[in-house]
Amino acid sequence: MSKTVSKFERMTTEPVEKLVGEMAVPTIIIMMVSALYNMADTYFVGSLGTSATAAVGVTFSFMAIIQAIGFFFGHGAGNYISRALGAQNTGDAEKMAATGFFTAFIIGIVITVTGTALLSPLARLLGATDTILPYSRRYLRFILLGAPFMVSSLMLNNLLRFQGNAFFGMIGMIGGAVLNIALDPLFIFVLHLGVTGASLATMISQTVSCILLFVVGCTGAKNVRILPQNFSPSFQHYKEMVRGGLPSLFRQGLLSLSTILLNHAAGGYGDGVIAAISIVNRVFLMASSALIGLGQGFQPVCGFNYGAKRYDRVKKAFWFCLKLSTVILTGLGVLCFMCAPNIIALFRRDDPEVIAIGAFALRLQCFTFPFSGWIVLNNMMLQTMGKAIPASILAFARQGLFLIPMLFTIVPVLGVLGIQLCVPIADFCTFLLAIPFGIAVLRNDLGSYR
């Protein structure tokens with residue numbers, strides 16, 4: 001118990017800037033490493049042709065579904081555990097951890113069995129054209145086999161992060177990513193496995209990552225332990241998971257749906273458009289990793305101090321993260337705008353159409369980079385405080401309220417230009433919606449706006 005008390009005192013007394021920094025550095029690394037999983041496959045598969053590159057992009061929407069489930073259980077259980085540790089209820093935290101982990105793994109097995117039985121219809125549903133379908137089938141097969149470990153590793157990573165132990169999560173994620181980057185060229189070029197090799201490399205690395213996270217992070221006394229005897233499926237536990245994880249499920253699930261619809265919309269204009277938009281999505285994911293990592297470093301500080309009723313510290317941490325993220329994202333937006341053609345060419349250097357379409361789409365998205373900090377940090381603050389309804393609305397907004405409707409209204413009129421415009425417009429509209437949400441929680445729940 002003394003170790004838990006020590007952690008409580010540290011999280012509620014040390015300067016929030018120092019705490020956020022300590023929590024954010026490992027999570028930023030974790031997020032960038034996670035993005036590297038997808039970037040590595042896109043980079044190495046890019047040499048196999050435009051259709052193969054597009055196949056990886058098509059499959060990304062399905063991986064987003066797997067990630068949505070992992071984040072749902074990780075954030076749902078993690079938010080509860082963070083508040084429980086803030087209130088010094090270690091027993092409740094351990095029961096929630098075990099329930100979340102074992103449920104996540106079971107759901108992963110269901111995904112494997114169902115997806116494998118419906119492989120071709122699934123690839124078609126994700127947006128694969130006739131030329132992309134053979135590559136998509138090969139890539140999906142091993143992604144499906146690795147689904148239980150992918151869901152569980154994401155769950156464990158978030159579970160550790162909400163305890164303020166992101167360092168352990170960093171070890172597991174880096175181990176898997178390094179392995180993935182090493183196996184990709186071996187399987188694709190040396191063993192001549194092509195797209196299948198990229199998929200196999202991802203499956204193996206995700207499995208290793210899951211094992212590392214479990215062994216290193218969840219069996220020792222320093223962290224909340226995951227023990228089979230603490231598996232306690234109950235209405236109350238799942239209610240708390242829904243309360244804390246629903247915004248993440250909305251956010252990631254709708255990301256997958258919007259990506260599927262975007263692939264279908266782009267498919268009418270050729271494989272080159274799908275490949276270009278897929279590359280931009282991966283680049284944007286990589287670029288936003290630092291922001292997500294900073295926000296995830298803020299969440300345990302927010303959860304502990306909100307649970308301890310130290311609202312002044314929650315506000316101070318929020319404003320620190322917002323100022324820092326805005327400065328970084330503005331600089332990153334300028335850099336990506338200037339280097340957009342070169343960035344896209346890294347993946348498909350011999351395809352001018354992909355470079356031209358992708359570079360313009362990336363430059364449009366750069367204009368919305370500075371606004372992203374307010375959106376993400378407010379969403380994470382609402383979610384960590386257990387405010388499921390406003391957090392879910394804000395998480396739903398980007399894809400559900402703005403992006404998906406525009407795919408059915410703007411794209412038929414403007415064609416490829418509409419596809420390029422939809423995402424930045426959706427980002428800006430979400431920022432406008434997030435302004436009153438953020439001001440309301442800062443004023444009404446934390447005492448004052450500043």
# chains A, B, ... in the order shown; residues from 1 in each chain; ligands from 1
>>> residues_around(residues="range 296-310 of chain A", least_positions_apart="2", cutoff="7 Å", atoms="only C-alpha atoms", output="list of chain:residue names")
A:Met11, A:Thr12, A:Val20, A:Met23, A:Ala24, A:Thr27, A:Asn79, A:Ser82, A:Arg83, A:Gly86, A:Ala87, A:Phe162, A:Gln163, A:Gly164, A:Ile292, A:Gly293, A:Leu294, A:Asp312, A:Arg313, A:Val314, A:Ala317, A:Met380, A:Met381, A:Thr384, A:Met385
>>> write_last_selection(atoms="N, CA and C atoms", output="compact mmCIF listing (two decimals), in the first residue's frame")
# COMPACT_ATOMS: atom_id res chain seq x y z
N MET A 11 1.66 12.46 -7.49
CA MET A 11 0.78 12.95 -8.54
C MET A 11 -0.04 14.16 -8.10
N THR A 12 -0.20 14.35 -6.81
CA THR A 12 -1.04 15.45 -6.33
C THR A 12 -0.25 16.58 -5.67
N VAL A 20 3.63 16.31 -16.11
CA VAL A 20 3.19 16.13 -17.49
C VAL A 20 4.37 15.79 -18.39
N MET A 23 5.38 12.20 -17.80
CA MET A 23 4.39 11.27 -18.35
C MET A 23 4.35 11.34 -19.88
N ALA A 24 4.56 12.54 -20.42
CA ALA A 24 4.36 12.75 -21.86
C ALA A 24 5.50 12.21 -22.71
N THR A 27 4.95 8.62 -23.54
CA THR A 27 3.74 8.44 -24.36
C THR A 27 3.92 9.01 -25.76
N ASN A 79 -9.26 4.95 -17.23
CA ASN A 79 -9.85 6.13 -16.58
C ASN A 79 -10.36 5.79 -15.19
N SER A 82 -7.35 5.17 -12.86
CA SER A 82 -6.70 6.43 -12.48
C SER A 82 -7.43 7.12 -11.33
N ARG A 83 -8.76 7.17 -11.44
CA ARG A 83 -9.55 7.80 -10.37
C ARG A 83 -9.51 6.94 -9.10
N GLY A 86 -6.33 7.51 -7.40
CA GLY A 86 -6.38 8.83 -6.78
C GLY A 86 -7.16 8.82 -5.48
N ALA A 87 -8.18 7.95 -5.40
CA ALA A 87 -8.95 7.78 -4.16
C ALA A 87 -8.37 6.67 -3.27
N PHE A 162 -2.36 5.20 -17.68
CA PHE A 162 -3.28 5.84 -16.74
C PHE A 162 -2.83 5.66 -15.29
N GLN A 163 -1.93 4.72 -15.05
CA GLN A 163 -1.36 4.58 -13.71
C GLN A 163 -0.17 5.52 -13.50
N GLY A 164 0.22 6.24 -14.55
CA GLY A 164 1.40 7.08 -14.46
C GLY A 164 2.68 6.31 -14.71
N ILE A 292 -1.03 13.63 -29.47
CA ILE A 292 -1.74 12.58 -28.74
C ILE A 292 -0.91 12.12 -27.54
N GLY A 293 0.40 12.01 -27.74
CA GLY A 293 1.28 11.61 -26.64
C GLY A 293 1.28 12.62 -25.51
N LEU A 294 1.29 13.91 -25.86
CA LEU A 294 1.22 14.96 -24.84
C LEU A 294 -0.10 14.88 -24.09
N ASP A 312 -7.50 22.95 -9.22
CA ASP A 312 -6.54 23.98 -9.64
C ASP A 312 -5.39 23.34 -10.43
N ARG A 313 -4.98 22.17 -10.02
CA ARG A 313 -3.88 21.49 -10.70
C ARG A 313 -4.33 20.93 -12.06
N VAL A 314 -5.58 20.52 -12.17
CA VAL A 314 -6.11 20.06 -13.46
C VAL A 314 -6.06 21.20 -14.47
N ALA A 317 -2.43 22.16 -15.50
CA ALA A 317 -1.86 21.18 -16.43
C ALA A 317 -2.47 21.34 -17.82
N MET A 380 -9.79 14.76 -24.19
CA MET A 380 -9.15 13.89 -23.20
C MET A 380 -9.51 14.32 -21.78
N MET A 381 -9.62 15.62 -21.53
CA MET A 381 -9.98 16.10 -20.21
C MET A 381 -11.40 15.67 -19.85
N THR A 384 -11.40 11.83 -19.23
CA THR A 384 -10.75 11.44 -17.98
C THR A 384 -11.59 11.82 -16.77
N MET A 385 -12.33 12.91 -16.85
CA MET A 385 -13.19 13.34 -15.75
C MET A 385 -14.48 12.52 -15.67
>>> closest_atom_pairs(of="range 232-326 of chain A", to="range 49-57 of chain A", cutoff="8 Å", atoms="only C-alpha atoms", output="JSON lines")
{"residue": "A:Asp271", "atom": "CA", "partner": "A:Ser51", "partner_atom": "CA", "distance": 6.0}
{"residue": "A:Gly272", "atom": "CA", "partner": "A:Thr50", "partner_atom": "CA", "distance": 6.4}
{"residue": "A:Ile274", "atom": "CA", "partner": "A:Ala54", "partner_atom": "CA", "distance": 5.7}
{"residue": "A:Ala275", "atom": "CA", "partner": "A:Ala54", "partner_atom": "CA", "distance": 4.3}
{"residue": "A:Ser278", "atom": "CA", "partner": "A:Gly57", "partner_atom": "CA", "distance": 4.8}
{"residue": "A:Ile279", "atom": "CA", "partner": "A:Gly57", "partner_atom": "CA", "distance": 7.4}
>>> residues_around(residues="Gly333 in chain A", least_positions_apart="5", cutoff="12 Å", atoms="only C-alpha atoms", output="JSON, numbers by chain")
{"A": [283, 284, 287, 288, 325, 326, 327, 328, 338, 339, 340, 362, 363, 364, 365, 366, 367, 368, 369, 370, 371, 372]}
>>> write_last_selection(atoms="C-alpha atoms", output="PDB file, in the first residue's frame")
ATOM      1  CA  VAL A 283       1.816  11.118 -42.506  1.00  0.00           C
ATOM      2  CA  PHE A 284      -0.886  12.972 -40.583  1.00  0.00           C
ATOM      3  CA  ALA A 287       2.569  14.189 -37.283  1.00  0.00           C
ATOM      4  CA  SER A 288      -0.249  14.101 -34.721  1.00  0.00           C
ATOM      5  CA  SER A 325       1.017  21.887 -28.243  1.00  0.00           C
ATOM      6  CA  THR A 326      -0.065  24.985 -30.176  1.00  0.00           C
ATOM      7  CA  VAL A 327       3.520  26.180 -30.584  1.00  0.00           C
ATOM      8  CA  ILE A 328       4.766  22.739 -31.679  1.00  0.00           C
ATOM      9  CA  MET A 338       6.999  23.401 -47.270  1.00  0.00           C
ATOM     10  CA  CYS A 339       8.131  19.786 -47.717  1.00  0.00           C
ATOM     11  CA  ALA A 340       4.828  18.164 -48.779  1.00  0.00           C
ATOM     12  CA  LEU A 362      -1.268  17.310 -47.049  1.00  0.00           C
ATOM     13  CA  ARG A 363      -0.805  21.069 -47.473  1.00  0.00           C
ATOM     14  CA  LEU A 364      -4.514  21.669 -46.900  1.00  0.00           C
ATOM     15  CA  GLN A 365      -4.371  19.668 -43.668  1.00  0.00           C
ATOM     16  CA  CYS A 366      -1.380  21.686 -42.457  1.00  0.00           C
ATOM     17  CA  PHE A 367      -3.626  24.751 -42.058  1.00  0.00           C
ATOM     18  CA  THR A 368      -5.606  22.995 -39.314  1.00  0.00           C
ATOM     19  CA  PHE A 369      -2.615  21.740 -37.302  1.00  0.00           C
ATOM     20  CA  PRO A 370      -2.585  24.674 -34.813  1.00  0.00           C
ATOM     21  CA  PHE A 371      -6.252  24.052 -33.885  1.00  0.00           C
ATOM     22  CA  SER A 372      -5.781  20.381 -33.052  1.00  0.00           C
TER      23      SER A 372
END
>>> residues_around(residues="Thr99 in chain A", least_positions_apart="3", cutoff="6 Å", atoms="only C-alpha atoms", output="PyMOL selection string")
chain A and resi 96+102+231-233
>>> closest_residue(among="A:Ile106, A:Leu291, A:Val416, A:Met32", to="Ala266 in chain A", atoms="only C-alpha atoms")
A:Val416
>>> closest_residue(among="A:Phe337, A:Tyr269, A:Pro134, A:Glu353", to="Gly418 in chain A", atoms="only C-alpha atoms")
A:Tyr269
>>> decode(residues="range 161-182 of chain A", atoms="N, CA and C atoms", output="compact mmCIF listing (two decimals), in the first residue's frame")
# COMPACT_ATOMS: atom_id res chain seq x y z
N ARG A 161 -0.35 3.55 -18.80
CA ARG A 161 -0.27 5.01 -18.90
C ARG A 161 -1.15 5.71 -17.88
N PHE A 162 -2.36 5.20 -17.68
CA PHE A 162 -3.28 5.84 -16.74
C PHE A 162 -2.83 5.66 -15.29
N GLN A 163 -1.93 4.72 -15.05
CA GLN A 163 -1.36 4.58 -13.71
C GLN A 163 -0.17 5.52 -13.50
N GLY A 164 0.22 6.24 -14.55
CA GLY A 164 1.40 7.08 -14.46
C GLY A 164 2.68 6.31 -14.71
N ASN A 165 2.59 5.14 -15.37
CA ASN A 165 3.75 4.29 -15.63
C ASN A 165 3.94 4.07 -17.13
N ALA A 166 3.95 5.17 -17.86
CA ALA A 166 4.06 5.07 -19.31
C ALA A 166 5.39 4.49 -19.74
N PHE A 167 6.41 4.56 -18.89
CA PHE A 167 7.73 4.04 -19.24
C PHE A 167 7.67 2.55 -19.57
N PHE A 168 6.88 1.80 -18.78
CA PHE A 168 6.74 0.37 -19.04
C PHE A 168 6.07 0.12 -20.39
N GLY A 169 5.06 0.94 -20.70
CA GLY A 169 4.41 0.83 -22.00
C GLY A 169 5.36 1.14 -23.13
N MET A 170 6.24 2.10 -22.91
CA MET A 170 7.21 2.48 -23.94
C MET A 170 8.13 1.31 -24.28
N ILE A 171 8.55 0.57 -23.27
CA ILE A 171 9.44 -0.58 -23.50
C ILE A 171 8.76 -1.61 -24.41
N GLY A 172 7.51 -1.94 -24.09
CA GLY A 172 6.79 -2.92 -24.88
C GLY A 172 6.55 -2.47 -26.31
N MET A 173 6.15 -1.21 -26.49
CA MET A 173 5.84 -0.71 -27.82
C MET A 173 7.09 -0.57 -28.68
N ILE A 174 8.18 -0.08 -28.09
CA ILE A 174 9.41 0.09 -28.85
C ILE A 174 9.95 -1.27 -29.28
N GLY A 175 9.88 -2.26 -28.38
CA GLY A 175 10.34 -3.59 -28.73
C GLY A 175 9.62 -4.14 -29.93
N GLY A 176 8.30 -3.99 -29.96
CA GLY A 176 7.51 -4.46 -31.10
C GLY A 176 7.80 -3.70 -32.38
N ALA A 177 7.95 -2.37 -32.27
CA ALA A 177 8.18 -1.55 -33.45
C ALA A 177 9.54 -1.82 -34.09
N VAL A 178 10.56 -1.93 -33.27
CA VAL A 178 11.90 -2.24 -33.79
C VAL A 178 11.89 -3.57 -34.52
N LEU A 179 11.20 -4.55 -33.95
CA LEU A 179 11.09 -5.86 -34.58
C LEU A 179 10.36 -5.76 -35.92
N ASN A 180 9.28 -4.96 -35.95
CA ASN A 180 8.50 -4.80 -37.18
C ASN A 180 9.34 -4.19 -38.30
N ILE A 181 10.09 -3.14 -37.96
CA ILE A 181 10.91 -2.46 -38.95
C ILE A 181 12.02 -3.37 -39.46
N ALA A 182 12.53 -4.24 -38.60
CA ALA A 182 13.57 -5.18 -39.01
C ALA A 182 13.00 -6.32 -39.87
